[in-house]
file query-v2.cif (mmCIF, C-alpha atoms, pLDDT in the B column; chains and numbers go by the auth columns)
data_structure
loop_
_atom_site.group_PDB
_atom_site.id
_atom_site.type_symbol
_atom_site.label_atom_id
_atom_site.label_comp_id
_atom_site.label_asym_id
_atom_site.label_seq_id
_atom_site.Cartn_x
_atom_site.Cartn_y
_atom_site.Cartn_z
_atom_site.B_iso_or_equiv
_atom_site.auth_seq_id
_atom_site.auth_asym_id
ATOM 1 C CA MET A 1 42.955 -77.240 12.889 82.00 5 E
ATOM 2 C CA GLU A 2 43.617 -79.905 15.482 85.00 6 E
ATOM 3 C CA GLN A 3 42.574 -78.030 18.608 92.00 7 E
ATOM 4 C CA ARG A 4 39.602 -75.800 19.205 97.00 8 E
ATOM 5 C CA PRO A 5 40.533 -72.153 19.898 98.00 9 E
ATOM 6 C CA LYS A 6 40.089 -70.782 23.401 98.00 10 E
ATOM 7 C CA ALA A 7 38.618 -67.402 22.342 98.00 11 E
ATOM 8 C CA TYR A 8 36.890 -65.878 19.311 98.00 12 E
ATOM 9 C CA VAL A 9 37.148 -62.390 17.858 98.00 13 E
ATOM 10 C CA PHE A 10 34.766 -61.280 15.123 98.00 14 E
ATOM 11 C CA ASP A 11 34.878 -58.946 12.194 98.00 15 E
ATOM 12 C CA ILE A 12 31.541 -57.109 12.291 97.00 16 E
ATOM 13 C CA PHE A 13 30.647 -55.337 9.026 95.00 17 E
ATOM 14 C CA GLY A 14 29.539 -58.069 6.645 95.00 18 E
ATOM 15 C CA THR A 15 30.361 -60.946 8.983 97.00 19 E
ATOM 16 C CA VAL A 16 27.918 -60.211 11.802 98.00 20 E
ATOM 17 C CA VAL A 17 25.778 -57.359 10.454 97.00 21 E
ATOM 18 C CA ASN A 18 24.257 -57.056 6.987 96.00 22 E
ATOM 19 C CA TRP A 19 25.388 -53.483 6.412 94.00 23 E
ATOM 20 C CA ARG A 20 24.568 -53.394 2.682 92.00 24 E
ATOM 21 C CA TYR A 21 20.870 -54.239 2.963 93.00 25 E
ATOM 22 C CA SER A 22 20.439 -52.211 6.160 94.00 26 E
ATOM 23 C CA LEU A 23 21.927 -49.024 4.713 91.00 27 E
ATOM 24 C CA ALA A 24 20.063 -49.385 1.413 91.00 28 E
ATOM 25 C CA LYS A 25 16.766 -49.890 3.228 91.00 29 E
ATOM 26 C CA GLY A 26 17.330 -46.833 5.407 89.00 30 E
ATOM 27 C CA LEU A 27 18.454 -44.643 2.523 86.00 31 E
ATOM 28 C CA GLU A 28 15.488 -45.621 0.375 87.00 32 E
ATOM 29 C CA ALA A 29 13.012 -44.993 3.201 84.00 33 E
ATOM 30 C CA SER A 30 14.453 -41.590 4.084 77.00 34 E
ATOM 31 C CA ALA A 31 14.475 -40.523 0.437 78.00 35 E
ATOM 32 C CA GLN A 32 10.877 -41.615 -0.021 79.00 36 E
ATOM 33 C CA LYS A 33 9.811 -39.610 3.018 75.00 37 E
ATOM 34 C CA ILE A 34 11.251 -36.422 1.557 71.00 38 E
ATOM 35 C CA ILE A 35 9.814 -37.200 -1.891 74.00 39 E
ATOM 36 C CA ASP A 36 6.393 -37.620 -0.292 73.00 40 E
ATOM 37 C CA GLU A 37 6.768 -34.252 1.449 66.00 41 E
ATOM 38 C CA SER A 38 8.227 -32.457 -1.573 61.00 42 E
ATOM 39 C CA ALA A 39 5.028 -30.532 -2.265 53.00 43 E
ATOM 40 C CA PHE A 40 5.705 -28.635 0.949 49.00 44 E
ATOM 41 C CA SER A 41 9.395 -27.967 0.335 59.00 45 E
ATOM 42 C CA ASP A 42 11.684 -26.180 -2.095 60.00 46 E
ATOM 43 C CA VAL A 43 13.729 -29.248 -3.117 59.00 47 E
ATOM 44 C CA ASP A 44 15.011 -28.995 -6.681 63.00 48 E
ATOM 45 C CA GLU A 45 12.793 -30.954 -9.093 69.00 49 E
ATOM 46 C CA ALA A 46 15.766 -32.408 -10.961 68.00 50 E
ATOM 47 C CA VAL A 47 17.102 -33.818 -7.702 64.00 51 E
ATOM 48 C CA LEU A 48 13.704 -35.269 -6.880 70.00 52 E
ATOM 49 C CA ALA A 49 13.518 -36.872 -10.310 71.00 53 E
ATOM 50 C CA ARG A 50 16.864 -38.608 -9.842 71.00 54 E
ATOM 51 C CA ALA A 51 15.787 -39.898 -6.450 72.00 55 E
ATOM 52 C CA ARG A 52 12.439 -41.157 -7.790 78.00 56 E
ATOM 53 C CA ASP A 53 14.239 -43.117 -10.512 76.00 57 E
ATOM 54 C CA MET A 54 16.502 -45.007 -8.137 78.00 58 E
ATOM 55 C CA THR A 55 15.749 -48.707 -7.594 83.00 59 E
ATOM 56 C CA PHE A 56 16.613 -50.672 -4.469 80.00 60 E
ATOM 57 C CA SER A 57 19.654 -52.017 -6.324 85.00 61 E
ATOM 58 C CA ASP A 58 20.739 -48.405 -6.904 85.00 62 E
ATOM 59 C CA TRP A 59 20.472 -47.754 -3.179 83.00 63 E
ATOM 60 C CA GLU A 60 22.547 -50.866 -2.499 84.00 64 E
ATOM 61 C CA TRP A 61 25.196 -49.541 -4.891 84.00 65 E
ATOM 62 C CA PHE A 62 25.056 -46.177 -3.129 82.00 66 E
ATOM 63 C CA ALA A 63 25.424 -47.938 0.242 84.00 67 E
ATOM 64 C CA PHE A 64 28.480 -49.790 -1.076 84.00 68 E
ATOM 65 C CA GLN A 65 30.138 -46.543 -2.178 83.00 69 E
ATOM 66 C CA TRP A 66 29.466 -45.057 1.238 80.00 70 E
ATOM 67 C CA TYR A 67 30.844 -48.132 2.987 79.00 71 E
ATOM 68 C CA LYS A 68 33.886 -48.294 0.686 75.00 72 E
ATOM 69 C CA ARG A 69 34.832 -44.731 1.531 73.00 73 E
ATOM 70 C CA TYR A 70 34.319 -45.490 5.215 65.00 74 E
ATOM 71 C CA ILE A 71 36.638 -48.496 5.272 60.00 75 E
ATOM 72 C CA ASN A 72 39.216 -47.065 2.858 56.00 76 E
ATOM 73 C CA SER A 73 39.527 -43.614 4.387 55.00 77 E
ATOM 74 C CA GLY A 74 42.899 -42.832 5.908 41.00 78 E
ATOM 75 C CA ALA A 75 41.219 -40.646 8.514 37.00 79 E
ATOM 76 C CA ARG A 76 38.171 -42.715 9.312 47.00 80 E
ATOM 77 C CA PRO A 77 35.261 -40.900 10.901 41.00 81 E
ATOM 78 C CA LYS A 78 34.224 -41.829 14.386 45.00 82 E
ATOM 79 C CA ASP A 79 30.823 -43.325 15.235 44.00 83 E
ATOM 80 C CA GLY A 80 30.280 -44.293 11.611 42.00 84 E
ATOM 81 C CA GLN A 81 30.168 -40.711 10.383 45.00 85 E
ATOM 82 C CA GLU A 82 30.932 -40.029 6.741 45.00 86 E
ATOM 83 C CA SER A 83 30.610 -37.192 4.298 41.00 87 E
ATOM 84 C CA GLY A 84 27.414 -37.635 2.351 43.00 88 E
ATOM 85 C CA LYS A 85 28.637 -35.595 -0.581 43.00 89 E
ATOM 86 C CA ALA A 86 31.798 -37.671 -0.836 41.00 90 E
ATOM 87 C CA ALA A 87 29.826 -40.887 -0.632 43.00 91 E
ATOM 88 C CA GLY A 88 27.435 -39.842 -3.352 43.00 92 E
ATOM 89 C CA SER A 89 29.734 -38.097 -5.760 42.00 93 E
ATOM 90 C CA ASP A 90 29.656 -40.893 -8.356 43.00 94 E
ATOM 91 C CA ARG A 91 26.962 -41.555 -10.965 42.00 95 E
ATOM 92 C CA GLY A 92 24.913 -38.587 -9.812 36.00 96 E
ATOM 93 C CA VAL A 93 23.421 -40.425 -6.854 41.00 97 E
ATOM 94 C CA GLN A 94 24.279 -37.518 -4.607 50.00 98 E
ATOM 95 C CA ALA A 95 20.611 -36.727 -5.199 47.00 99 E
ATOM 96 C CA ARG A 96 19.751 -38.172 -1.811 48.00 100 E
ATOM 97 C CA TRP A 97 22.298 -36.033 -0.030 49.00 101 E
ATOM 98 C CA THR A 98 20.810 -32.858 -1.412 48.00 102 E
ATOM 99 C CA LEU A 99 17.322 -33.829 -0.267 49.00 103 E
ATOM 100 C CA GLY A 100 16.429 -32.221 3.029 51.00 104 E
ATOM 101 C CA GLY A 101 18.585 -30.200 5.373 55.00 105 E
ATOM 102 C CA ASP A 102 21.187 -30.782 8.060 59.00 106 E
ATOM 103 C CA ALA A 103 18.745 -32.593 10.354 61.00 107 E
ATOM 104 C CA GLU A 104 17.950 -35.143 7.650 61.00 108 E
ATOM 105 C CA LYS A 105 21.647 -35.675 6.902 64.00 109 E
ATOM 106 C CA GLU A 106 22.313 -36.254 10.602 69.00 110 E
ATOM 107 C CA GLN A 107 19.585 -38.893 10.604 73.00 111 E
ATOM 108 C CA LEU A 108 21.313 -40.615 7.704 76.00 112 E
ATOM 109 C CA VAL A 109 24.605 -40.717 9.606 77.00 113 E
ATOM 110 C CA HIS A 110 22.718 -42.480 12.409 84.00 114 E
ATOM 111 C CA LEU A 111 21.815 -45.304 10.012 89.00 115 E
ATOM 112 C CA TRP A 112 25.208 -46.796 10.870 90.00 116 E
ATOM 113 C CA HIS A 113 23.888 -47.368 14.398 93.00 117 E
ATOM 114 C CA GLU A 114 20.800 -49.145 13.066 93.00 118 E
ATOM 115 C CA LEU A 115 22.392 -51.907 11.017 96.00 119 E
ATOM 116 C CA ASP A 116 20.651 -55.266 11.316 97.00 120 E
ATOM 117 C CA ALA A 117 22.540 -58.456 12.072 98.00 121 E
ATOM 118 C CA TRP A 118 22.374 -61.468 9.797 97.00 122 E
ATOM 119 C CA PRO A 119 19.584 -63.780 11.018 95.00 123 E
ATOM 120 C CA ASP A 120 22.023 -66.367 12.408 96.00 124 E
ATOM 121 C CA SER A 121 24.332 -63.957 14.236 97.00 125 E
ATOM 122 C CA ALA A 122 22.807 -63.594 17.708 98.00 126 E
ATOM 123 C CA ALA A 123 22.176 -67.314 18.172 97.00 127 E
ATOM 124 C CA ALA A 124 25.646 -68.159 16.892 98.00 128 E
ATOM 125 C CA VAL A 125 27.431 -65.708 19.213 98.00 129 E
ATOM 126 C CA THR A 126 25.547 -67.226 22.164 98.00 130 E
ATOM 127 C CA ARG A 127 26.869 -70.653 21.210 98.00 131 E
ATOM 128 C CA PHE A 128 30.392 -69.361 20.596 98.00 132 E
ATOM 129 C CA ALA A 129 30.344 -67.897 24.116 98.00 133 E
ATOM 130 C CA LYS A 130 29.993 -71.414 25.522 98.00 134 E
ATOM 131 C CA LEU A 131 33.295 -72.315 23.867 98.00 135 E
ATOM 132 C CA GLY A 132 35.263 -69.282 25.029 98.00 136 E
ATOM 133 C CA PRO A 133 35.281 -65.481 25.346 98.00 137 E
ATOM 134 C CA THR A 134 33.870 -63.550 22.381 98.00 138 E
ATOM 135 C CA ALA A 135 34.855 -60.073 21.214 98.00 139 E
ATOM 136 C CA MET A 136 34.044 -57.616 18.462 98.00 140 E
ATOM 137 C CA LEU A 137 37.216 -56.785 16.522 98.00 141 E
ATOM 138 C CA SER A 138 36.300 -54.079 14.040 95.00 142 E
ATOM 139 C CA ASP A 139 37.521 -50.870 12.448 92.00 143 E
ATOM 140 C CA GLY A 140 34.349 -49.150 13.639 91.00 144 E
ATOM 141 C CA SER A 141 34.443 -47.062 16.794 91.00 145 E
ATOM 142 C CA VAL A 142 33.624 -48.620 20.161 95.00 146 E
ATOM 143 C CA ALA A 143 30.546 -46.380 20.489 94.00 147 E
ATOM 144 C CA LEU A 144 29.193 -47.564 17.148 94.00 148 E
ATOM 145 C CA LEU A 145 29.936 -51.208 17.907 96.00 149 E
ATOM 146 C CA LYS A 146 28.199 -51.004 21.280 97.00 150 E
ATOM 147 C CA SER A 147 25.125 -49.597 19.537 96.00 151 E
ATOM 148 C CA LEU A 148 25.088 -52.529 17.113 97.00 152 E
ATOM 149 C CA ASP A 149 25.639 -55.037 19.913 98.00 153 E
ATOM 150 C CA ALA A 150 22.710 -53.667 21.918 98.00 154 E
ATOM 151 C CA ARG A 151 20.396 -53.226 18.924 97.00 155 E
ATOM 152 C CA ASN A 152 20.805 -56.811 17.785 98.00 156 E
ATOM 153 C CA GLY A 153 21.072 -58.555 21.161 98.00 157 E
ATOM 154 C CA LEU A 154 24.476 -59.977 20.272 98.00 158 E
ATOM 155 C CA ARG A 155 25.915 -59.938 23.806 98.00 159 E
ATOM 156 C CA PHE A 156 29.605 -60.024 22.954 98.00 160 E
ATOM 157 C CA ASP A 157 31.882 -60.292 25.987 98.00 161 E
ATOM 158 C CA GLN A 158 34.189 -57.526 24.749 98.00 162 E
ATOM 159 C CA VAL A 159 33.874 -54.668 22.270 98.00 163 E
ATOM 160 C CA TRP A 160 37.109 -53.535 20.612 98.00 164 E
ATOM 161 C CA GLY A 161 37.229 -50.957 17.825 94.00 165 E
ATOM 162 C CA SER A 162 39.585 -48.617 16.018 90.00 166 E
ATOM 163 C CA ASP A 163 39.805 -46.327 19.030 92.00 167 E
ATOM 164 C CA THR A 164 40.863 -49.279 21.208 95.00 168 E
ATOM 165 C CA TRP A 165 44.071 -49.735 19.237 89.00 169 E
ATOM 166 C CA MET A 166 44.429 -46.401 17.412 91.00 170 E
ATOM 167 C CA ALA A 167 45.058 -48.682 14.452 91.00 171 E
ATOM 168 C CA TYR A 168 43.073 -50.414 11.726 91.00 172 E
ATOM 169 C CA LYS A 169 43.116 -53.904 10.321 94.00 173 E
ATOM 170 C CA PRO A 170 45.281 -55.374 8.847 93.00 174 E
ATOM 171 C CA ASP A 171 47.755 -53.711 11.238 96.00 175 E
ATOM 172 C CA PRO A 172 49.282 -56.526 13.362 97.00 176 E
ATOM 173 C CA ALA A 173 48.720 -54.370 16.452 96.00 177 E
ATOM 174 C CA VAL A 174 44.990 -55.124 16.206 97.00 178 E
ATOM 175 C CA TYR A 175 45.282 -58.914 16.088 98.00 179 E
ATOM 176 C CA LEU A 176 48.142 -59.199 18.553 98.00 180 E
ATOM 177 C CA GLY A 177 46.501 -56.652 20.842 97.00 181 E
ATOM 178 C CA ALA A 178 43.353 -58.778 20.961 98.00 182 E
ATOM 179 C CA ALA A 179 45.319 -61.860 21.982 98.00 183 E
ATOM 180 C CA GLU A 180 47.151 -59.865 24.636 98.00 184 E
ATOM 181 C CA LYS A 181 43.907 -58.471 26.084 98.00 185 E
ATOM 182 C CA LEU A 182 42.519 -61.989 26.231 98.00 186 E
ATOM 183 C CA GLY A 183 45.629 -63.200 28.042 98.00 187 E
ATOM 184 C CA LEU A 184 46.198 -65.880 25.407 98.00 188 E
ATOM 185 C CA ARG A 185 48.778 -66.810 22.820 98.00 189 E
ATOM 186 C CA PRO A 186 47.800 -65.726 19.288 98.00 190 E
ATOM 187 C CA ASP A 187 47.374 -69.370 18.220 98.00 191 E
ATOM 188 C CA GLU A 188 44.765 -69.828 20.960 98.00 192 E
ATOM 189 C CA VAL A 189 42.560 -67.099 19.437 98.00 193 E
ATOM 190 C CA ALA A 190 40.472 -67.356 16.255 98.00 194 E
ATOM 191 C CA LEU A 191 39.277 -64.551 14.008 98.00 195 E
ATOM 192 C CA VAL A 192 35.853 -65.149 12.468 98.00 196 E
ATOM 193 C CA ALA A 193 35.394 -63.101 9.302 98.00 197 E
ATOM 194 C CA THR A 194 33.924 -62.986 5.806 97.00 198 E
ATOM 195 C CA HIS A 195 36.934 -61.256 4.230 96.00 199 E
ATOM 196 C CA LEU A 196 39.951 -63.309 3.196 97.00 200 E
ATOM 197 C CA GLY A 197 42.330 -60.362 3.445 96.00 201 E
ATOM 198 C CA ASP A 198 41.423 -59.818 7.097 97.00 202 E
ATOM 199 C CA LEU A 199 41.840 -63.522 7.853 98.00 203 E
ATOM 200 C CA ARG A 200 45.148 -63.797 6.035 97.00 204 E
ATOM 201 C CA ALA A 201 46.565 -60.897 8.050 97.00 205 E
ATOM 202 C CA ALA A 202 45.348 -62.474 11.304 98.00 206 E
ATOM 203 C CA LYS A 203 46.844 -65.839 10.389 98.00 207 E
ATOM 204 C CA LYS A 204 50.202 -64.189 9.656 97.00 208 E
ATOM 205 C CA CYS A 205 50.070 -62.954 13.255 98.00 209 E
ATOM 206 C CA GLY A 206 49.512 -66.482 14.501 98.00 210 E
ATOM 207 C CA LEU A 207 45.735 -66.447 14.997 98.00 211 E
ATOM 208 C CA LYS A 208 43.440 -69.161 13.692 98.00 212 E
ATOM 209 C CA ALA A 209 41.330 -68.036 10.699 98.00 213 E
ATOM 210 C CA LEU A 210 37.675 -69.077 10.368 98.00 214 E
ATOM 211 C CA TYR A 211 36.055 -68.021 7.094 97.00 215 E
ATOM 212 C CA VAL A 212 32.308 -67.650 6.591 97.00 216 E
ATOM 213 C CA GLU A 213 31.026 -66.811 3.117 96.00 217 E
ATOM 214 C CA ARG A 214 28.409 -64.041 3.018 95.00 218 E
ATOM 215 C CA PRO A 215 26.632 -62.751 -0.118 92.00 219 E
ATOM 216 C CA PHE A 216 28.581 -60.053 -2.009 89.00 220 E
ATOM 217 C CA GLU A 217 31.125 -59.563 0.787 93.00 221 E
ATOM 218 C CA GLU A 218 34.339 -61.023 -0.602 93.00 222 E
ATOM 219 C CA ARG A 219 36.444 -58.436 -2.422 88.00 223 E
ATOM 220 C CA TYR A 220 38.833 -60.895 -4.079 92.00 224 E
ATOM 221 C CA THR A 221 38.351 -62.255 -7.591 93.00 225 E
ATOM 222 C CA GLU A 222 37.352 -65.884 -8.185 93.00 226 E
ATOM 223 C CA ALA A 223 40.937 -66.689 -9.182 95.00 227 E
ATOM 224 C CA GLU A 224 42.272 -65.112 -5.978 94.00 228 E
ATOM 225 C CA ILE A 225 39.691 -66.982 -3.914 95.00 229 E
ATOM 226 C CA ASP A 226 40.738 -70.279 -5.479 94.00 230 E
ATOM 227 C CA GLU A 227 44.384 -69.468 -4.741 94.00 231 E
ATOM 228 C CA ALA A 228 43.529 -68.619 -1.120 95.00 232 E
ATOM 229 C CA ARG A 229 41.808 -71.979 -0.750 93.00 233 E
ATOM 230 C CA ARG A 230 44.758 -73.894 -2.241 94.00 234 E
ATOM 231 C CA ALA A 231 47.309 -71.916 -0.207 94.00 235 E
ATOM 232 C CA GLY A 232 45.526 -72.559 3.080 94.00 236 E
ATOM 233 C CA TRP A 233 44.887 -68.969 4.077 95.00 237 E
ATOM 234 C CA VAL A 234 42.222 -70.116 6.518 97.00 238 E
ATOM 235 C CA ASP A 235 41.776 -72.987 8.979 97.00 239 E
ATOM 236 C CA MET A 236 38.047 -73.432 8.426 97.00 240 E
ATOM 237 C CA TRP A 237 35.913 -72.502 5.401 96.00 241 E
ATOM 238 C CA VAL A 238 32.106 -72.438 5.606 95.00 242 E
ATOM 239 C CA PRO A 239 30.352 -71.836 2.257 91.00 243 E
ATOM 240 C CA TYR A 240 27.136 -69.996 1.392 85.00 244 E
ATOM 241 C CA GLY A 241 23.795 -71.574 2.112 79.00 245 E
ATOM 242 C CA PRO A 242 22.746 -72.975 5.465 74.00 246 E
ATOM 243 C CA GLY A 243 26.224 -72.525 6.925 84.00 247 E
ATOM 244 C CA GLY A 244 26.840 -69.021 8.178 93.00 248 E
ATOM 245 C CA LEU A 245 28.154 -68.450 11.695 97.00 249 E
ATOM 246 C CA LEU A 246 26.098 -71.377 12.926 96.00 250 E
ATOM 247 C CA GLY A 247 27.949 -73.582 10.460 96.00 251 E
ATOM 248 C CA ILE A 248 31.260 -72.579 12.032 97.00 252 E
ATOM 249 C CA VAL A 249 30.136 -73.048 15.613 97.00 253 E
ATOM 250 C CA GLU A 250 28.624 -76.448 14.825 96.00 254 E
ATOM 251 C CA ARG A 251 31.968 -77.637 13.466 95.00 255 E
ATOM 252 C CA LEU A 252 33.754 -76.295 16.522 97.00 256 E
ATOM 253 C CA GLU A 253 31.300 -77.962 18.902 97.00 257 E
ATOM 254 C CA ALA A 254 31.878 -81.260 17.100 95.00 258 E
ATOM 255 C CA MET A 255 35.597 -81.023 17.887 94.00 259 E
ATOM 256 C CA GLY A 256 34.781 -81.640 21.546 75.00 260 E
#
call {"tool": "encode", "arguments": {"input": "query-v2.cif", "output": "structure tokens"}}
result
Amino acid sequence: MEQRPKAYVFDIFGTVVNWRYSLAKGLEASAQKIIDESAFSDVDEAVLARARDMTFSDWEWFAFQWYKRYINSGARPKDGQESGKAAGSDRGVQARWTLGGDAEKEQLVHLWHELDAWPDSAAAVTRFAKLGPTAMLSDGSVALLKSLDARNGLRFDQVWGSDTWMAYKPDPAVYLGAAEKLGLRPDEVALVATHLGDLRAAKKCGLKALYVERPFEERYTEAEIDEARRAGWVDMWVPYGPGGLLGIVERLEAMG
């Protein structure tokens, strides 16, 4: 990449916010609250037993199933909503979804609005903003994304979600629409993301592709990742460790 991009659009789930840990933490805490109050309720003992046996790793697995259904659904729910029963139908972990009543389930849906950013995200976005406009570019709804922006003090210049485009990544309308809204050519805009498939689709539309590795986020196999590296799917590749979003912005700042 010879020239620094003029604007930066960001994938959010996994790239900017640590959805896996955040959801698992919230699910575990809400389950424990109901377990603690079970003496005063009529919750089925078998359900309680399954919930008591779940480790934090189990909750992370549960969170992944929930997230997978969210991002793979053809009719994606707005504001991060998802069917609890559908999310927990595997391996019997629907235990949590049968704990409590409708009010508790509604609280779980709100966990999507309480996702925590990766520790480097807010500082990195501030530095990106000195290089050009910044925007959220996610398949989440605008309302959900605004909640995450405010909660984590991210201060993106623009917030664009699935209801902005009535389309989902990797539809070219999303990437090209972002460039159009910014008033720039696609090659003047960079997508920052932790998913190679997202970046490859953006690059096919002419955008620059900046890849940041995050723990457990990449869905490709090791062989596919190696092929992506050799084939030049991305313009910048920042590995695990001390890199993160700050690693990308530091390289960009060094370009002058």
call {"tool": "atom_distance", "arguments": {"input": "query-v2.cif", "atom1": "atom CA of Ala183 of chain E", "atom2": "atom CA of Ala213 of chain E"}}
result
13.5 Å
call {"tool": "atom_distance", "arguments": {"input": "query-v2.cif", "atom1": "atom CA of Leu211 of chain E", "atom2": "atom CA of Leu195 of chain E"}}
result
6.8 Å
call {"tool": "closest_residue", "arguments": {"input": "query-v2.cif", "among": "E:Glu254, E:Asp15, E:Glu221, E:Asp191", "to": "Tyr71 of chain E", "atoms": "only C-alpha atoms"}}
result
E:Glu221
call {"tool": "axis_aligned_box", "arguments": {"input": "query-v2.cif", "around": "segment 175-180 of chain E", "padding_each_side": "4 Å", "output": "JSON"}}
result
{"center_x": 47.1, "center_y": -56.5, "center_z": 14.9, "size_x": 12.3, "size_y": 13.5, "size_z": 15.3}
call {"tool": "closest_residue", "arguments": {"input": "query-v2.cif", "among": "E:Gln111, E:Lys72, E:Asp40, E:Glu118", "to": "Asn22 of chain E", "atoms": "only C-alpha atoms"}}
result
E:Glu118
call {"tool": "closest_residue", "arguments": {"input": "query-v2.cif", "among": "E:Gly30, E:Thr19, E:Ala139, E:Ala121", "to": "Leu200 of chain E", "atoms": "only C-alpha atoms"}}
result
E:Thr19
call {"tool": "residues_near_point", "arguments": {"input": "query-v2.cif", "point": "(36.6, -63.2, 13.8)", "cutoff": "12 Å", "atoms": "only C-alpha atoms", "output": "short mmCIF file (atom, residue, chain, number, x, y, z; two decimals) with C-alpha atoms, in the frame of the given file"}}
result
data_model
loop_
_atom_site.label_atom_id
_atom_site.label_comp_id
_atom_site.auth_asym_id
_atom_site.auth_seq_id
_atom_site.Cartn_x
_atom_site.Cartn_y
_atom_site.Cartn_z
CA PRO E 9 40.53 -72.15 19.90
CA ALA E 11 38.62 -67.40 22.34
CA TYR E 12 36.89 -65.88 19.31
CA VAL E 13 37.15 -62.39 17.86
CA PHE E 14 34.77 -61.28 15.12
CA ASP E 15 34.88 -58.95 12.19
CA ILE E 16 31.54 -57.11 12.29
CA PHE E 17 30.65 -55.34 9.03
CA GLY E 18 29.54 -58.07 6.64
CA THR E 19 30.36 -60.95 8.98
CA VAL E 20 27.92 -60.21 11.80
CA VAL E 129 27.43 -65.71 19.21
CA PHE E 132 30.39 -69.36 20.60
CA PRO E 137 35.28 -65.48 25.35
CA THR E 138 33.87 -63.55 22.38
CA ALA E 139 34.85 -60.07 21.21
CA MET E 140 34.04 -57.62 18.46
CA LEU E 141 37.22 -56.78 16.52
CA SER E 142 36.30 -54.08 14.04
CA PHE E 160 29.60 -60.02 22.95
CA TRP E 164 37.11 -53.54 20.61
CA LYS E 173 43.12 -53.90 10.32
CA VAL E 178 44.99 -55.12 16.21
CA TYR E 179 45.28 -58.91 16.09
CA ALA E 182 43.35 -58.78 20.96
CA VAL E 193 42.56 -67.10 19.44
CA ALA E 194 40.47 -67.36 16.26
CA LEU E 195 39.28 -64.55 14.01
CA VAL E 196 35.85 -65.15 12.47
CA ALA E 197 35.39 -63.10 9.30
CA THR E 198 33.92 -62.99 5.81
CA HIS E 199 36.93 -61.26 4.23
CA LEU E 200 39.95 -63.31 3.20
CA ASP E 202 41.42 -59.82 7.10
CA LEU E 203 41.84 -63.52 7.85
CA ARG E 204 45.15 -63.80 6.04
CA ALA E 205 46.56 -60.90 8.05
CA ALA E 206 45.35 -62.47 11.30
CA LYS E 207 46.84 -65.84 10.39
CA LEU E 211 45.74 -66.45 15.00
CA LYS E 212 43.44 -69.16 13.69
CA ALA E 213 41.33 -68.04 10.70
CA LEU E 214 37.67 -69.08 10.37
CA TYR E 215 36.06 -68.02 7.09
CA VAL E 216 32.31 -67.65 6.59
CA VAL E 238 42.22 -70.12 6.52
CA MET E 240 38.05 -73.43 8.43
CA LEU E 249 28.15 -68.45 11.70
CA ILE E 252 31.26 -72.58 12.03
CA VAL E 253 30.14 -73.05 15.61
#
call {"tool": "atom_distance", "arguments": {"input": "query-v2.cif", "atom1": "atom CA of Ala147 of chain E", "atom2": "atom CA of Asp62 of chain E"}}
result
29.2 Å
call {"tool": "decode", "arguments": {"input": "query-v2.cif", "residues": "segment 177-193 of chain E", "atoms": "C-alpha atoms", "output": "CSV table (one decimal), in the first residue's frame"}}
result
chain,number,residue,atom,x,y,z
E,177,ALA,CA,-23.7,-2.4,-1.9
E,178,VAL,CA,-22.3,-2.1,1.7
E,179,TYR,CA,-18.7,-1.4,0.7
E,180,LEU,CA,-19.5,0.8,-2.3
E,181,GLY,CA,-22.2,2.6,-0.3
E,182,ALA,CA,-19.7,3.5,2.4
E,183,ALA,CA,-17.3,5.0,-0.2
E,184,GLU,CA,-20.2,6.9,-1.8
E,185,LYS,CA,-21.3,8.3,1.6
E,186,LEU,CA,-17.8,9.4,2.3
E,187,GLY,CA,-17.6,11.2,-1.1
E,188,LEU,CA,-14.4,9.2,-1.9
E,189,ARG,CA,-13.3,6.6,-4.5
E,190,PRO,CA,-13.3,3.1,-3.1
E,191,ASP,CA,-9.5,2.9,-3.3
E,192,GLU,CA,-9.3,5.9,-1.0
E,193,VAL,CA,-11.2,4.0,1.8
